[in-house]
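Take a look at the structure below.
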Amino acid sequence: MNTEYQNIKVIGFDADDTLWVNETYFRDAELEFAKLLGGFETANKVDQELFKMEMKNLPLYGYGVKGFVLSMVEMALELSNYTISNKTIEKILDIGKQMLKEPVELLDGVEETLKGLSGKFKLIVATKGDLLDQERKLEKSGLLDYFHHIEVLSDKKEENYSKLLKHLDINPSEFLMIGNSLKSDILPLVNIQAKAIHVPFHTTWAHEQVTEKETNGKAYRTVKSLKEILNLL
């Protein structure tokens, strides 16, 4: 084992775009939504306005598909100056339902990695989003047995992780977080003296993007795929 991780007792895995594909479905939904509103605005403008609406609603609805759907409905009403048809609203709701029904597509090396780590560490899922949806995805994924439990956090800031570590009754140096988002899964952990490994996904939600300045000098490791973690632990 790499001495850097010799104190680790608990490993937290982000779920969406770390264990399975997720962001791709949101991108597809946004394209579908832009098509539905093509009579009112350009696709680019629809996309920009939807993102603004999501950010405005985030403190109210939190993360996940349901909040995203409500933001689409609200945006459709606004962009159409409240002339949008009931049929189109129904189609927007259908986009959301389809997202919740999408198959769970595991990312490369996930099961192999979990298998290799599960006997040595307590593994948990630490994710944002809707509890019901995340539990459903974990159930569908076939990975349930590898994890001690699932923690659905309202946000992934330093205070949220500090509460989680208190709940787990461990020191920051005994916790390792693995995820695809520098903003949510890596930097907050580094800032509270826990360990973090970044596994990039090919697409990142605008809200999760960070600048080079924010990551400069931060002590975390980046791997190309989850399987590489087995060589470190």
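Chain lettering (A, B, ...) mirrors the order of the structure tokens, residue numbering begins at 1 for each chain separately, and ligand numbering begins at 1 in order of display.
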| field | Exercise: stretch 58-75 of chain A partners within 8 Å, only C-alpha atoms, chain neighbours under 6 positions left out, as a ChimeraX atom specification | value | /A:33,49-50,89,92-93,95-96,99-100,128-130,154-155
Please, which residues in stretch 85-160 of chain A fall within 12 Å of stretch 188-203 of chain A when counting only C-alpha atoms, and what is the closest atom pair and distance in Å to one decimal for each, ordered by chain then residue number, as a Markdown table?
```
| residue | atom | partner | partner_atom | distance |
| --- | --- | --- | --- | --- |
| A:Leu107 | CA | A:Phe201 | CA | 9.5 |
| A:Asp108 | CA | A:Phe201 | CA | 11.0 |
| A:Gly109 | CA | A:Val199 | CA | 11.7 |
| A:Val110 | CA | A:Val199 | CA | 11.4 |
| A:Asp155 | CA | A:Pro188 | CA | 11.0 |
| A:Lys156 | CA | A:Pro188 | CA | 7.5 |
| A:Lys157 | CA | A:Pro188 | CA | 5.7 |
| A:Glu158 | CA | A:Pro188 | CA | 4.8 |
| A:Glu159 | CA | A:Pro188 | CA | 8.6 |
| A:Asn160 | CA | A:Pro188 | CA | 9.1 |
```
Include C-alpha atoms and write out the residues we just selected as a short mmCIF file (atom, residue, chain, number, x, y, z; two decimals), in the first residue's frame.
```
data_model
loop_
_atom_site.label_atom_id
_atom_site.label_comp_id
_atom_site.auth_asym_id
_atom_site.auth_seq_id
_atom_site.Cartn_x
_atom_site.Cartn_y
_atom_site.Cartn_z
CA LEU A 107 -18.19 2.75 -15.70
CA ASP A 108 -15.07 0.81 -16.57
CA GLY A 109 -13.50 -1.18 -13.75
CA VAL A 110 -16.07 -0.29 -11.08
CA ASP A 155 -24.51 19.51 -0.64
CA LYS A 156 -20.84 18.57 -0.77
CA LYS A 157 -19.10 21.38 1.02
CA GLU A 158 -16.53 21.22 3.79
CA GLU A 159 -19.18 21.41 6.52
CA ASN A 160 -21.17 18.54 4.97
#
```
| query | From the list A:Ala219, A:Ala76, A:Leu232, A:Ala126, which residue is nearest A:Ser184 when using only C-alpha atoms? | reply |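 Counting only C-alpha atoms, the residue closest to A:Ser184 is A:Ala126.
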| said: Calculated over only C-alpha atoms, which of the candidates A:Met177, A:Leu31, A:Ala43, A:Ile150 has the smallest distance to A:Thr18? | reply: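 When distances to A:Thr18 are compared using only C-alpha atoms, the smallest one comes from A:Met177.
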| query | Between A:Phe121, A:Asp14, A:Pro172, A:Leu131, which has the minimum distance to A:His148 (counting only C-alpha atoms)? | reply |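 Counting only C-alpha atoms, the residue closest to A:His148 is A:Phe121.
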| Secondary structure check, strand (DSSP E) residues of stretch 136-229 of chain A, as an NGL selection string | :A and (149-153 or 175-179 or 195-198 or 221-222)
Dump of N, CA and C atoms for the selected residues, as an mmCIF file, in the first residue's frame:
```cif
data_model
loop_
_atom_site.group_PDB
_atom_site.id
_atom_site.type_symbol
_atom_site.label_atom_id
_atom_site.label_comp_id
_atom_site.auth_asym_id
_atom_site.auth_seq_id
_atom_site.Cartn_x
_atom_site.Cartn_y
_atom_site.Cartn_z
ATOM 1 N N HIS A 149 -23.211 1.541 3.589
ATOM 2 C CA HIS A 149 -24.467 2.298 3.472
ATOM 3 C C HIS A 149 -24.294 3.437 2.465
ATOM 4 N N ILE A 150 -25.402 4.137 2.200
ATOM 5 C CA ILE A 150 -25.388 5.269 1.271
ATOM 6 C C ILE A 150 -25.690 6.551 2.046
ATOM 7 N N GLU A 151 -24.885 7.585 1.832
ATOM 8 C CA GLU A 151 -25.103 8.901 2.443
ATOM 9 C C GLU A 151 -25.509 9.857 1.332
ATOM 10 N N VAL A 152 -26.740 10.377 1.381
ATOM 11 C CA VAL A 152 -27.149 11.376 0.401
ATOM 12 C C VAL A 152 -27.036 12.741 1.083
ATOM 13 N N LEU A 153 -26.058 13.528 0.631
ATOM 14 C CA LEU A 153 -25.776 14.822 1.246
ATOM 15 C C LEU A 153 -26.553 15.921 0.520
ATOM 16 N N PHE A 175 -10.131 9.031 6.229
ATOM 17 C CA PHE A 175 -11.172 9.008 5.194
ATOM 18 C C PHE A 175 -10.591 9.344 3.825
ATOM 19 N N LEU A 176 -10.985 8.565 2.830
ATOM 20 C CA LEU A 176 -10.599 8.814 1.440
ATOM 21 C C LEU A 176 -11.860 8.946 0.604
ATOM 22 N N MET A 177 -11.955 10.024 -0.173
ATOM 23 C CA MET A 177 -13.097 10.229 -1.059
ATOM 24 C C MET A 177 -12.638 10.044 -2.495
ATOM 25 N N ILE A 178 -13.451 9.351 -3.278
ATOM 26 C CA ILE A 178 -13.137 9.094 -4.686
ATOM 27 C C ILE A 178 -14.294 9.626 -5.533
ATOM 28 N N GLY A 179 -13.990 10.492 -6.505
ATOM 29 C CA GLY A 179 -15.073 11.037 -7.319
ATOM 30 C C GLY A 179 -14.593 11.769 -8.549
ATOM 31 N N LYS A 195 -8.240 12.657 2.571
ATOM 32 C CA LYS A 195 -7.598 12.275 1.313
ATOM 33 C C LYS A 195 -8.642 12.248 0.190
ATOM 34 N N ALA A 196 -8.180 12.458 -1.030
ATOM 35 C CA ALA A 196 -9.113 12.451 -2.167
ATOM 36 C C ALA A 196 -8.408 12.002 -3.437
ATOM 37 N N ILE A 197 -9.120 11.219 -4.232
ATOM 38 C CA ILE A 197 -8.613 10.786 -5.541
ATOM 39 C C ILE A 197 -9.624 11.177 -6.611
ATOM 40 N N HIS A 198 -9.133 11.875 -7.619
ATOM 41 C CA HIS A 198 -9.988 12.375 -8.698
ATOM 42 C C HIS A 198 -9.975 11.398 -9.874
ATOM 43 N N ARG A 221 -4.707 13.274 -5.760
ATOM 44 C CA ARG A 221 -4.168 12.470 -6.847
ATOM 45 C C ARG A 221 -5.240 12.305 -7.933
ATOM 46 N N THR A 222 -4.822 12.265 -9.185
ATOM 47 C CA THR A 222 -5.744 12.015 -10.298
ATOM 48 C C THR A 222 -5.368 10.698 -10.963
#
```
| task | Identify, on the basis of only C-alpha atoms, every residue whose closest approach to A:Glu105 does not exceed 8 Å; exclude the query and any residue fewer than 5 positions from it along the same chain; express the result as a list in words. | result |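 Here the answer would be Trp20, Val21 and Ser141 of chain A.
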Please produce a file of the residues just selected, as a JSON list (two decimals), in the first residue's frame, where the atoms kept are N, CA and C atoms.
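See again25.json below for the written result:
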```json
[["chain", "number", "residue", "atom", "x", "y", "z"],
["A", 20, "TRP", "N", -21.29, 5.16, -12.19],
["A", 20, "TRP", "CA", -22.11, 4.93, -13.38],
["A", 20, "TRP", "C", -22.33, 6.23, -14.15],
["A", 21, "VAL", "N", -22.79, 6.08, -15.39],
["A", 21, "VAL", "CA", -23.06, 7.22, -16.28],
["A", 21, "VAL", "C", -24.28, 8.00, -15.77],
["A", 141, "SER", "N", -27.82, -1.16, -9.99],
["A", 141, "SER", "CA", -26.41, -1.32, -10.38],
["A", 141, "SER", "C", -25.84, -2.68, -10.03]]
```
| query | From the list A:Thr127, A:Glu30, A:Lys35, A:Asn231, which residue is nearest A:Asp47 when using only C-alpha atoms? | reply | A:Glu30
| request: List every residue of stretch 3-230 of chain A that DSSP, applied to the backbone of this structure, assigns to alpha helix (DSSP H), and report them as number ranges by chain. | output: A: 23-36, 43-61, 65-79, 86-101, 110-118, 131-141, 158-168, 187-191, 212-215, 229-230
| Closest to A:Ile170 among A:Lys87, A:Lys183, A:Lys122, A:Lys115, using only C-alpha atoms? |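 Ranked by minimum distance to A:Ile170, first place goes to A:Lys122.
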| Nearest candidate to A:Asp28 (options A:Glu102, A:Lys45, A:Ile84, A:Glu111; using only C-alpha atoms) | A:Glu102
| message | Just the number, please: distance in Å from atom CA of A:Val125 to atom CA of A:Gly12, one decimal. | response |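 Atom CA of A:Gly12 lies 5.5 Å from atom CA of A:Val125.
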| said: What's the separation between atom CA of A:Leu79 and atom CA of A:Phe40, in Å to one decimal place? | reply: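 So the answer is 6.6 Å.
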Quick one: residues within 10 Å of A:Glu112, only C-alpha atoms counted, chain neighbours fewer than 6 positions away excluded, as a compact mmCIF listing (two decimals) with N, CA and C atoms, in the first residue's frame?
```
# COMPACT_ATOMS: atom_id res chain seq x y z
N LEU A 226 -10.81 3.99 -12.39
CA LEU A 226 -10.94 3.50 -11.01
C LEU A 226 -9.97 2.36 -10.70
N LYS A 227 -9.72 1.52 -11.69
CA LYS A 227 -8.87 0.34 -11.46
C LYS A 227 -7.48 0.71 -10.94
N LEU A 230 -6.55 0.44 -7.16
CA LEU A 230 -6.13 -0.82 -6.54
C LEU A 230 -4.63 -0.88 -6.34
```
